[in-house]
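Next comes protein-v9.tsv, a file with TSV, C-alpha atoms and all ligand atoms.
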chain	number	residue	atom	x	y	z
A	1	MET	CA	0.00	0.00	0.00
A	2	LEU	CA	1.15	3.51	-0.79
A	3	ILE	CA	-0.22	6.57	1.01
A	4	VAL	CA	-0.01	9.93	-0.75
A	5	MET	CA	-0.14	12.91	1.63
A	6	THR	CA	-1.58	16.33	0.70
A	7	ARG	CA	0.92	19.04	-0.28
A	8	THR	CA	0.17	20.90	2.93
A	9	ALA	CA	0.56	17.91	5.28
A	10	THR	CA	2.89	18.86	8.12
A	11	PRO	CA	5.64	16.53	9.45
A	12	ASP	CA	3.39	15.99	12.49
A	13	LEU	CA	0.58	14.66	10.33
A	14	VAL	CA	3.02	12.38	8.48
A	15	ALA	CA	4.29	11.10	11.83
A	16	ARG	CA	0.74	10.43	13.00
A	17	VAL	CA	-0.08	8.36	9.90
A	18	CYS	CA	3.17	6.39	10.41
A	19	GLN	CA	2.14	5.76	14.01
A	20	VAL	CA	-1.27	4.36	12.99
A	21	ILE	CA	0.45	2.09	10.46
A	22	GLU	CA	2.81	0.79	13.16
A	23	THR	CA	-0.13	0.10	15.50
A	24	MET	CA	-1.58	-2.10	12.75
A	25	GLY	CA	1.58	-4.24	12.97
A	26	LEU	CA	2.96	-2.89	9.68
A	27	VAL	CA	6.08	-0.94	8.73
A	28	ALA	CA	5.85	2.66	7.46
A	29	HIS	CA	8.43	4.05	5.02
A	30	PRO	CA	7.97	7.84	4.65
A	31	MET	CA	9.45	9.29	1.46
A	32	PHE	CA	9.81	13.06	1.59
A	33	GLY	CA	9.60	14.55	-1.92
A	34	ALA	CA	10.00	18.15	-3.10
A	35	GLN	CA	6.24	18.59	-3.51
A	36	ARG	CA	4.69	16.14	-1.09
A	37	THR	CA	5.32	13.10	1.07
A	38	ALA	CA	4.36	9.53	0.24
A	39	ILE	CA	4.43	6.66	2.76
A	40	GLY	CA	5.10	3.12	1.61
A	41	VAL	CA	3.66	0.32	3.76
A	42	THR	CA	5.23	-3.12	4.01
A	43	GLY	CA	4.87	-6.15	6.25
A	44	ASN	CA	1.32	-6.99	5.18
A	45	LYS	CA	0.46	-10.56	4.21
A	46	ARG	CA	-2.96	-9.59	2.88
A	47	GLN	CA	-4.54	-6.43	1.56
A	48	VAL	CA	-4.63	-3.81	4.35
A	49	ASP	CA	-7.93	-2.26	5.44
A	50	SER	CA	-7.30	1.18	3.95
A	51	ASP	CA	-10.38	2.83	5.52
A	52	ARG	CA	-8.54	3.39	8.79
A	53	ILE	CA	-5.89	5.43	7.01
A	54	ALA	CA	-7.88	7.14	4.24
A	55	ASN	CA	-9.68	9.42	6.71
A	56	LEU	CA	-6.67	10.55	8.72
A	57	PRO	CA	-5.84	14.27	8.46
A	58	GLY	CA	-3.32	15.04	5.70
A	59	VAL	CA	-4.01	11.87	3.67
A	60	GLN	CA	-4.91	12.55	0.06
A	61	GLU	CA	-5.02	9.09	-1.44
A	62	VAL	CA	-4.42	5.47	-0.50
A	63	ILE	CA	-3.23	3.24	-3.35
A	64	GLN	CA	-3.61	-0.51	-2.91
A	65	VAL	CA	-0.70	-2.33	-4.47
A	66	THR	CA	-1.65	-5.79	-3.23
A	67	ARG	CA	-4.70	-7.29	-4.93
A	68	PRO	CA	-7.61	-8.25	-2.65
A	69	TYR	CA	-7.68	-11.84	-3.94
A	70	GLN	CA	-4.96	-14.47	-3.62
A	71	LEU	CA	-5.81	-18.04	-4.58
A	72	VAL	CA	-7.35	-16.99	-7.89
A	73	SER	CA	-4.47	-14.69	-8.85
A	74	ARG	CA	-1.92	-15.45	-11.50
A	75	GLU	CA	0.81	-14.22	-9.19
A	76	TYR	CA	-0.07	-17.03	-6.80
A	77	HIS	CA	-0.48	-19.67	-9.53
A	78	PRO	CA	1.26	-18.69	-12.79
A	79	GLU	CA	0.10	-21.64	-14.94
A	80	ASP	CA	-3.34	-21.70	-16.56
A	81	THR	CA	-5.84	-23.83	-14.68
A	82	VAL	CA	-7.47	-26.41	-16.92
A	83	VAL	CA	-10.75	-27.70	-15.51
A	84	ASP	CA	-11.24	-31.34	-16.42
A	85	ILE	CA	-14.86	-32.45	-16.56
A	86	GLY	CA	-14.50	-36.19	-16.95
A	87	GLY	CA	-12.15	-35.81	-19.92
A	88	VAL	CA	-13.70	-32.63	-21.36
A	89	LYS	CA	-11.34	-29.74	-20.76
A	90	VAL	CA	-11.99	-26.06	-20.19
A	91	GLY	CA	-8.89	-23.87	-20.25
A	92	GLY	CA	-5.44	-24.03	-21.81
A	93	ARG	CA	-5.39	-23.79	-25.59
A	94	GLU	CA	-8.67	-25.60	-26.17
A	95	PHE	CA	-11.84	-23.69	-26.98
A	96	THR	CA	-14.89	-25.30	-25.39
A	97	LEU	CA	-18.48	-24.84	-26.42
A	98	MET	CA	-21.41	-25.31	-24.06
A	99	ALA	CA	-24.79	-25.25	-25.76
A	100	GLY	CA	-28.43	-26.00	-25.08
A	101	PRO	CA	-31.71	-24.35	-24.22
A	102	CYS	CA	-32.15	-21.64	-21.62
A	103	SER	CA	-34.66	-23.87	-19.79
A	104	VAL	CA	-35.29	-27.57	-19.83
A	105	GLU	CA	-38.89	-27.64	-21.07
A	106	SER	CA	-39.52	-31.28	-21.98
A	107	GLU	CA	-37.70	-34.47	-22.86
A	108	GLU	CA	-38.67	-34.04	-26.50
A	109	GLN	CA	-37.26	-30.49	-26.64
A	110	CYS	CA	-33.98	-31.46	-24.95
A	111	THR	CA	-33.58	-34.54	-27.14
A	112	ARG	CA	-33.99	-32.53	-30.35
A	113	ILE	CA	-31.47	-29.93	-29.23
A	114	ALA	CA	-29.01	-32.42	-27.70
A	115	GLU	CA	-28.99	-34.43	-30.95
A	116	ALA	CA	-27.83	-31.36	-32.89
A	117	VAL	CA	-25.37	-30.34	-30.17
A	118	ALA	CA	-23.77	-33.82	-30.01
A	119	GLU	CA	-23.67	-34.17	-33.83
A	120	SER	CA	-21.71	-30.93	-34.03
A	121	GLY	CA	-19.04	-32.37	-31.77
A	122	VAL	CA	-19.97	-30.21	-28.77
A	123	ARG	CA	-19.56	-32.10	-25.50
A	124	ILE	CA	-21.26	-29.95	-22.87
A	125	PHE	CA	-25.03	-29.48	-22.79
A	126	ARG	CA	-26.59	-26.61	-20.85
A	127	GLY	CA	-30.18	-26.27	-19.65
A	128	GLY	CA	-31.78	-24.75	-16.59
A	129	ALA	CA	-34.02	-26.87	-14.36
A	130	TYR	CA	-34.25	-24.17	-11.69
A	131	LYS	CA	-34.64	-20.77	-13.32
A	132	PRO	CA	-33.91	-17.44	-11.63
A	133	ARG	CA	-36.52	-15.33	-13.44
A	134	SER	CA	-37.00	-11.58	-13.06
A	135	SER	CA	-40.76	-12.05	-12.74
A	136	PRO	CA	-42.39	-14.54	-10.37
A	137	TYR	CA	-45.18	-15.01	-12.95
A	138	THR	CA	-42.94	-16.47	-15.65
A	139	PHE	CA	-41.77	-20.07	-16.11
A	140	GLN	CA	-39.66	-21.06	-13.11
A	141	GLY	CA	-38.24	-24.32	-14.47
A	142	LEU	CA	-39.21	-27.97	-14.12
A	143	GLY	CA	-37.12	-28.51	-10.98
A	144	GLU	CA	-36.15	-32.12	-10.26
A	145	GLN	CA	-38.07	-33.34	-13.30
A	146	GLY	CA	-35.80	-31.11	-15.38
A	147	LEU	CA	-32.73	-32.63	-13.73
A	148	GLU	CA	-34.00	-36.10	-14.65
A	149	ILE	CA	-34.35	-35.03	-18.27
A	150	LEU	CA	-30.77	-33.73	-18.21
A	151	ALA	CA	-29.59	-37.06	-16.79
A	152	LYS	CA	-31.27	-38.82	-19.73
A	153	VAL	CA	-29.52	-36.48	-22.16
A	154	ARG	CA	-26.16	-37.33	-20.58
A	155	GLU	CA	-26.91	-41.03	-20.77
A	156	ARG	CA	-28.19	-41.04	-24.34
A	157	PHE	CA	-25.75	-38.64	-26.00
A	158	GLY	CA	-22.69	-38.91	-23.75
A	159	LEU	CA	-22.82	-35.17	-23.11
A	160	LYS	CA	-21.60	-33.50	-19.93
A	161	ILE	CA	-24.22	-31.36	-18.18
A	162	VAL	CA	-24.11	-27.83	-16.82
A	163	THR	CA	-27.14	-26.57	-14.91
A	164	GLU	CA	-27.80	-23.83	-12.40
A	165	ALA	CA	-28.18	-24.10	-8.63
A	166	VAL	CA	-30.26	-21.15	-7.46
A	167	ASP	CA	-30.20	-21.77	-3.70
A	168	THR	CA	-28.64	-23.83	-0.94
A	169	GLU	CA	-31.87	-25.85	-0.51
A	170	THR	CA	-31.64	-27.42	-3.97
A	171	LEU	CA	-27.84	-27.34	-4.36
A	172	GLY	CA	-27.37	-30.92	-3.13
A	173	LEU	CA	-29.88	-32.28	-5.61
A	174	VAL	CA	-28.38	-30.30	-8.50
A	175	ALA	CA	-24.90	-31.53	-7.52
A	176	GLN	CA	-26.10	-35.15	-7.67
A	177	TYR	CA	-27.28	-34.79	-11.25
A	178	THR	CA	-24.89	-32.36	-12.91
A	179	ASP	CA	-21.25	-32.38	-14.04
A	180	ILE	CA	-20.82	-28.61	-13.62
A	181	ILE	CA	-22.78	-26.47	-11.17
A	182	GLN	CA	-23.69	-23.08	-12.62
A	183	ILE	CA	-23.90	-20.13	-10.24
A	184	GLY	CA	-25.87	-17.46	-12.08
A	185	ALA	CA	-25.32	-13.73	-12.35
A	186	ARG	CA	-27.95	-12.98	-9.69
A	187	ASN	CA	-26.22	-15.25	-7.20
A	188	MET	CA	-22.61	-14.25	-7.86
A	189	GLN	CA	-22.47	-12.57	-4.47
A	190	ASN	CA	-24.53	-15.14	-2.57
A	191	TYR	CA	-21.60	-16.09	-0.37
A	192	SER	CA	-23.26	-18.93	1.54
A	193	LEU	CA	-24.22	-20.52	-1.79
A	194	LEU	CA	-20.68	-20.03	-3.12
A	195	LYS	CA	-19.16	-21.71	-0.05
A	196	LYS	CA	-21.53	-24.66	-0.17
A	197	ALA	CA	-21.12	-25.04	-3.93
A	198	GLY	CA	-17.34	-25.03	-3.39
A	199	GLN	CA	-17.69	-27.76	-0.77
A	200	THR	CA	-19.38	-30.13	-3.24
A	201	GLY	CA	-16.00	-30.45	-4.99
A	202	LYS	CA	-17.78	-30.25	-8.38
A	203	PRO	CA	-16.58	-27.92	-11.14
A	204	ILE	CA	-18.33	-24.56	-10.82
A	205	LEU	CA	-19.30	-22.20	-13.64
A	206	LEU	CA	-19.41	-18.79	-12.00
A	207	LYS	CA	-21.19	-16.07	-13.98
A	208	ARG	CA	-20.36	-12.42	-13.53
A	209	GLY	CA	-23.06	-10.41	-11.76
A	210	GLN	CA	-25.07	-7.93	-13.81
A	211	ALA	CA	-23.31	-5.00	-12.16
A	212	ALA	CA	-20.21	-6.63	-10.74
A	213	THR	CA	-16.66	-5.40	-11.16
A	214	LEU	CA	-14.02	-7.90	-12.16
A	215	ASP	CA	-12.44	-7.69	-8.70
A	216	GLU	CA	-15.82	-8.67	-7.25
A	217	LEU	CA	-16.08	-11.59	-9.69
A	218	LEU	CA	-12.60	-12.78	-8.69
A	219	LEU	CA	-13.38	-12.39	-4.99
A	220	SER	CA	-16.48	-14.54	-5.46
A	221	ALA	CA	-14.30	-17.17	-7.15
A	222	GLU	CA	-11.89	-16.83	-4.20
A	223	TYR	CA	-14.73	-18.04	-1.91
A	224	ILE	CA	-14.92	-21.27	-3.91
A	225	LEU	CA	-11.16	-21.80	-4.06
A	226	ALA	CA	-10.97	-21.11	-0.33
A	227	GLU	CA	-13.12	-24.25	0.10
A	228	ASN	CA	-10.31	-26.23	-1.57
A	229	ASN	CA	-12.12	-26.39	-4.87
A	230	PRO	CA	-9.85	-25.15	-7.67
A	231	ASN	CA	-12.26	-26.15	-10.47
A	232	VAL	CA	-13.81	-22.81	-11.27
A	233	ILE	CA	-14.70	-21.56	-14.74
A	234	LEU	CA	-15.53	-17.85	-14.91
A	235	CYS	CA	-18.13	-16.50	-17.32
A	236	GLU	CA	-18.52	-13.03	-18.78
A	237	ARG	CA	-22.23	-12.71	-19.52
A	238	GLY	CA	-22.66	-8.99	-20.06
A	239	VAL	CA	-23.25	-6.12	-17.69
A	240	ARG	CA	-25.84	-3.36	-17.44
A	241	THR	CA	-24.94	-0.21	-19.34
A	242	LEU	CA	-26.77	2.69	-20.99
A	243	ALA	CA	-26.98	0.72	-24.24
A	244	ASN	CA	-30.53	0.06	-25.39
A	245	HIS	CA	-29.66	-1.88	-28.55
A	246	SER	CA	-28.86	-4.98	-26.50
A	247	ARG	CA	-30.06	-6.63	-23.30
A	248	ASN	CA	-26.64	-6.35	-21.67
A	249	THR	CA	-23.23	-5.21	-22.88
A	250	LEU	CA	-20.90	-8.15	-23.35
A	251	ASP	CA	-17.71	-6.81	-21.79
A	252	LEU	CA	-15.15	-8.44	-24.05
A	253	SER	CA	-12.30	-6.49	-22.50
A	254	ALA	CA	-12.96	-8.46	-19.30
A	255	ILE	CA	-11.47	-11.52	-20.97
A	256	PRO	CA	-7.87	-10.33	-21.50
A	257	PHE	CA	-8.03	-8.64	-18.07
A	258	ILE	CA	-9.01	-11.88	-16.34
A	259	LYS	CA	-6.45	-13.83	-18.36
A	260	SER	CA	-3.67	-11.59	-17.08
A	261	SER	CA	-4.86	-11.35	-13.45
A	262	SER	CA	-6.06	-14.91	-12.90
A	263	HIS	CA	-5.13	-18.45	-13.85
A	264	LEU	CA	-8.80	-19.51	-14.01
A	265	PRO	CA	-10.42	-20.21	-17.38
A	266	ILE	CA	-13.01	-17.70	-18.58
A	267	ILE	CA	-15.75	-18.29	-21.13
A	268	ALA	CA	-18.21	-15.80	-22.64
A	269	ASP	CA	-21.99	-16.00	-22.89
A	270	PRO	CA	-22.99	-14.03	-25.98
A	271	SER	CA	-26.64	-15.08	-25.55
A	272	HIS	CA	-27.29	-13.24	-22.26
A	273	GLY	CA	-24.59	-10.77	-23.25
A	274	THR	CA	-26.67	-9.50	-26.18
A	275	GLY	CA	-30.23	-10.75	-25.71
A	276	ARG	CA	-30.79	-10.97	-29.49
A	277	ARG	CA	-30.16	-14.01	-31.61
A	278	GLU	CA	-28.73	-12.08	-34.59
A	279	LYS	CA	-25.92	-10.80	-32.39
A	280	VAL	CA	-24.91	-14.17	-30.98
A	281	LEU	CA	-22.74	-15.40	-33.89
A	282	PRO	CA	-20.70	-12.20	-34.31
A	283	LEU	CA	-20.11	-11.89	-30.55
A	284	SER	CA	-19.20	-15.58	-30.32
A	285	ARG	CA	-16.52	-15.09	-32.96
A	286	ALA	CA	-15.33	-11.98	-31.14
A	287	SER	CA	-15.17	-13.91	-27.85
A	288	MET	CA	-12.88	-16.47	-29.43
A	289	ALA	CA	-10.75	-13.73	-30.96
A	290	VAL	CA	-10.16	-11.95	-27.61
A	291	GLY	CA	-8.95	-15.16	-26.01
A	292	ALA	CA	-11.97	-16.67	-24.25
A	293	ASP	CA	-11.56	-20.33	-23.29
A	294	GLY	CA	-14.97	-21.07	-24.69
A	295	ILE	CA	-18.53	-19.87	-24.99
A	296	MET	CA	-21.91	-20.84	-23.66
A	297	VAL	CA	-24.80	-20.33	-26.09
A	298	GLU	CA	-28.55	-20.83	-25.88
A	299	VAL	CA	-29.92	-22.98	-28.68
A	300	HIS	CA	-33.56	-23.96	-29.27
A	301	ASN	CA	-35.33	-26.15	-31.81
A	302	GLN	CA	-38.30	-23.73	-31.81
A	303	PRO	CA	-37.06	-20.43	-30.34
A	304	GLU	CA	-40.38	-18.72	-31.03
A	305	LEU	CA	-42.03	-21.14	-28.59
A	306	ALA	CA	-39.30	-21.12	-25.93
A	307	LEU	CA	-40.50	-20.74	-22.34
A	308	SER	CA	-37.56	-18.44	-21.54
A	309	ASP	CA	-35.04	-16.36	-23.49
A	310	GLY	CA	-36.46	-17.23	-26.93
A	311	ALA	CA	-35.30	-13.92	-28.45
A	312	GLN	CA	-31.67	-14.73	-27.78
A	313	SER	CA	-31.84	-18.45	-28.54
A	314	ILE	CA	-30.25	-19.36	-31.86
A	315	THR	CA	-31.85	-21.92	-34.17
A	316	LEU	CA	-30.30	-25.33	-34.80
A	317	ASP	CA	-29.19	-24.15	-38.26
A	318	MET	CA	-27.52	-21.07	-36.82
A	319	PHE	CA	-25.82	-23.29	-34.28
A	320	ARG	CA	-24.37	-25.53	-37.01
A	321	THR	CA	-23.11	-22.44	-38.85
A	322	LEU	CA	-21.56	-21.14	-35.63
A	323	VAL	CA	-19.65	-24.36	-35.04
A	324	LYS	CA	-18.26	-24.25	-38.61
A	325	GLN	CA	-17.21	-20.63	-38.21
A	326	LEU	CA	-15.47	-21.22	-34.89
A	327	ARG	CA	-13.64	-24.21	-36.30
A	328	ARG	CA	-12.27	-22.04	-39.14
A	329	LEU	CA	-11.42	-19.13	-36.87
A	330	ALA	CA	-9.66	-21.12	-34.12
A	331	PRO	CA	-6.24	-21.67	-35.77
A	332	THR	CA	-5.98	-18.01	-36.77
A	333	VAL	CA	-6.22	-16.95	-33.11
A	334	ASP	CA	-4.07	-19.75	-31.75
A	335	LYS	CA	-6.89	-21.79	-30.26
A	336	VAL	CA	-7.54	-25.48	-30.58
A	337	TYR	CA	-11.12	-26.30	-31.42
A	338	PRO	CA	-11.49	-29.99	-30.58
A	401	LIG	C1	-28.80	-18.68	-17.76
A	401	LIG	O1	-27.66	-19.09	-18.05
A	401	LIG	O2	-29.84	-19.16	-18.24
A	401	LIG	C2	-28.93	-17.51	-16.87
A	401	LIG	C3	-30.02	-17.30	-16.15
A	401	LIG	O3	-27.85	-16.72	-16.92
A	401	LIG	P1	-27.46	-15.41	-16.05
A	401	LIG	O4	-27.30	-15.88	-14.66
A	401	LIG	O5	-26.17	-14.99	-16.71
A	401	LIG	O6	-28.56	-14.40	-16.26
A	402	MN	MN	-31.28	-17.83	-20.30

Transcribe the structure of this file into structure tokens.
Amino acid sequence: MLIVMTRTATPDLVARVCQVIETMGLVAHPMFGAQRTAIGVTGNKRQVDSDRIANLPGVQEVIQVTRPYQLVSREYHPEDTVVDIGGVKVGGREFTLMAGPCSVESEEQCTRIAEAVAESGVRIFRGGAYKPRSSPYTFQGLGEQGLEILAKVRERFGLKIVTEAVDTETLGLVAQYTDIIQIGARNMQNYSLLKKAGQTGKPILLKRGQAATLDELLLSAEYILAENNPNVILCERGVRTLANHSRNTLDLSAIPFIKSSSHLPIIADPSHGTGRREKVLPLSRASMAVGADGIMVEVHNQPELALSDGAQSITLDMFRTLVKQLRRLAPTVDKVYP
């Protein structure tokens, strides 16, 4: 931590700040410049609570040098983490696609979509059985019946399953059925759910909150890693902005930022990130180009009849086109599309 004093701070005020630092068990290093004084702080194992210092008289600014997260940071673990889901990898040079409907609606619907997904060589099927909907009057998901349908899809097509756990009550059941537990945007800061999800030992797909900073996303991932579960896949799914041409703004710059600050894999979700099906293919290609480890897309056999997120669900034909495009693009951006 570095403390910048105001130009008018007297030596007494500098001494007082140094004293507070020492009482916190840290070492203060005042540096007297021609214009102003700065105080370096060492001896901290973790990020220091800067609030105690920021309000002291004569302090202009407190600059945190140490990042608030540890286990998720690249400094702590320089190599890329590759999450292995029973032989299907997320991270490293491979680009991984996860595809399926927003909601599990019926066995027939999932079978039709899973057939197309599996035929295209995609190995992870998504589908929500418990749906976190903005309105309590809309389709809330089939619950356990939906999980059973997903289990049939895994059995029949050999696909891995990713599905969301919306609360601690149903987490155990979801964990029994799924290969990857999804923690949705609305629950990114539900810390008791994060801890319990971490304790299951299952791979976790952690989606960025609708208004979360990247430090907040990484701190949420830190909760899971702190439970001794290193198998976390991050997901950029768009954030709220002033834009009214799309549902959310897919923050593609988050991807290179996360890649440099963390060893965890990060995928993009251009479906929730845009909210409109015609934007999903271009933003999927862009996600690959900026270095995402994969994407998650919503696909539906009859998007116009979908019980949730129909407007952003791509058709089976669009999905096949997408797979072809990504396969062609991969080598040009140094990715391996399996
Ligand atoms: C979803 O994946 O269907 C979903 C609800 O996503 P998010 O949490 O990103 O809104
Ligand atoms: Mn959805």

Self-check item: Separation of atom CA of A:Ala151 from atom CA of A:Thr200 in Å
Solution: 18.3 Å

Could the residues of chain A that have an atom at most 8 Å from ligand MN 402 (chain A) be listed as a tab-separated table, each with its closest atom pair and the distance in Å to one decimal, counting all atoms listed in the file and ordered by chain and ascending residue number?
residue	atom	partner	partner_atom	distance
A:Pro101	CA	A:MN402	MN	7.6
A:Cys102	CA	A:MN402	MN	4.1
A:Ser103	CA	A:MN402	MN	6.9
A:Gly128	CA	A:MN402	MN	7.9
A:Ser271	CA	A:MN402	MN	7.5
A:His272	CA	A:MN402	MN	6.4
A:Glu298	CA	A:MN402	MN	6.9
A:Ser308	CA	A:MN402	MN	6.4
A:Asp309	CA	A:MN402	MN	5.1

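When atom CA of A:Thr6 is paired with atom CA of A:Val59, their separation reads 5.9 Å.
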
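Note that atom CA of A:Pro11 and atom CA of A:Ala34 are 13.4 Å apart.
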
Would you mind listing what lies within 10 Å of A:Gly198 as a short mmCIF file (atom, residue, chain, number, x, y, z; two decimals) with C-alpha atoms, keeping the file's coordinate frame, with all atoms listed in the file counted and same-chain residues fewer than 2 positions away left out?
data_model
loop_
_atom_site.label_atom_id
_atom_site.label_comp_id
_atom_site.auth_asym_id
_atom_site.auth_seq_id
_atom_site.Cartn_x
_atom_site.Cartn_y
_atom_site.Cartn_z
CA ILE A 181 -22.78 -26.47 -11.17
CA SER A 192 -23.26 -18.93 1.54
CA LEU A 193 -24.22 -20.52 -1.79
CA LEU A 194 -20.68 -20.03 -3.12
CA LYS A 195 -19.16 -21.71 -0.05
CA LYS A 196 -21.53 -24.66 -0.17
CA THR A 200 -19.38 -30.13 -3.24
CA GLY A 201 -16.00 -30.45 -4.99
CA LYS A 202 -17.78 -30.25 -8.38
CA PRO A 203 -16.58 -27.92 -11.14
CA ILE A 204 -18.33 -24.56 -10.82
CA ALA A 221 -14.30 -17.17 -7.15
CA GLU A 222 -11.89 -16.83 -4.20
CA TYR A 223 -14.73 -18.04 -1.91
CA ILE A 224 -14.92 -21.27 -3.91
CA LEU A 225 -11.16 -21.80 -4.06
CA ALA A 226 -10.97 -21.11 -0.33
CA GLU A 227 -13.12 -24.25 0.10
CA ASN A 228 -10.31 -26.23 -1.57
CA ASN A 229 -12.12 -26.39 -4.87
CA PRO A 230 -9.85 -25.15 -7.67
CA ASN A 231 -12.26 -26.15 -10.47
CA VAL A 232 -13.81 -22.81 -11.27
#

Practice problem: Name the residues, by chain letter and number, that sit within 6 Å of ligand LIG 401 (chain A) using only C-alpha atoms and all ligand atoms, and give them as a ChimeraX atom specification. | Solution: /A:102,132,184-186,207,237,272

Residues of stretch 216-292 of chain A at most 10 Å from stretch 320-338 of chain A: nearest atom pair and distance in Å, only C-alpha atoms, as CSV:
residue,atom,partner,partner_atom,distance
A:Val280,CA,A:Leu322,CA,9.0
A:Leu281,CA,A:Leu322,CA,6.1
A:Pro282,CA,A:Leu322,CA,9.1
A:Ser284,CA,A:Leu322,CA,8.0
A:Arg285,CA,A:Leu326,CA,6.5
A:Ala286,CA,A:Leu329,CA,10.0
A:Met288,CA,A:Ala330,CA,7.3
A:Ala289,CA,A:Val333,CA,6.0
A:Val290,CA,A:Val333,CA,8.4
A:Gly291,CA,A:Val333,CA,7.8
A:Ala292,CA,A:Lys335,CA,9.4
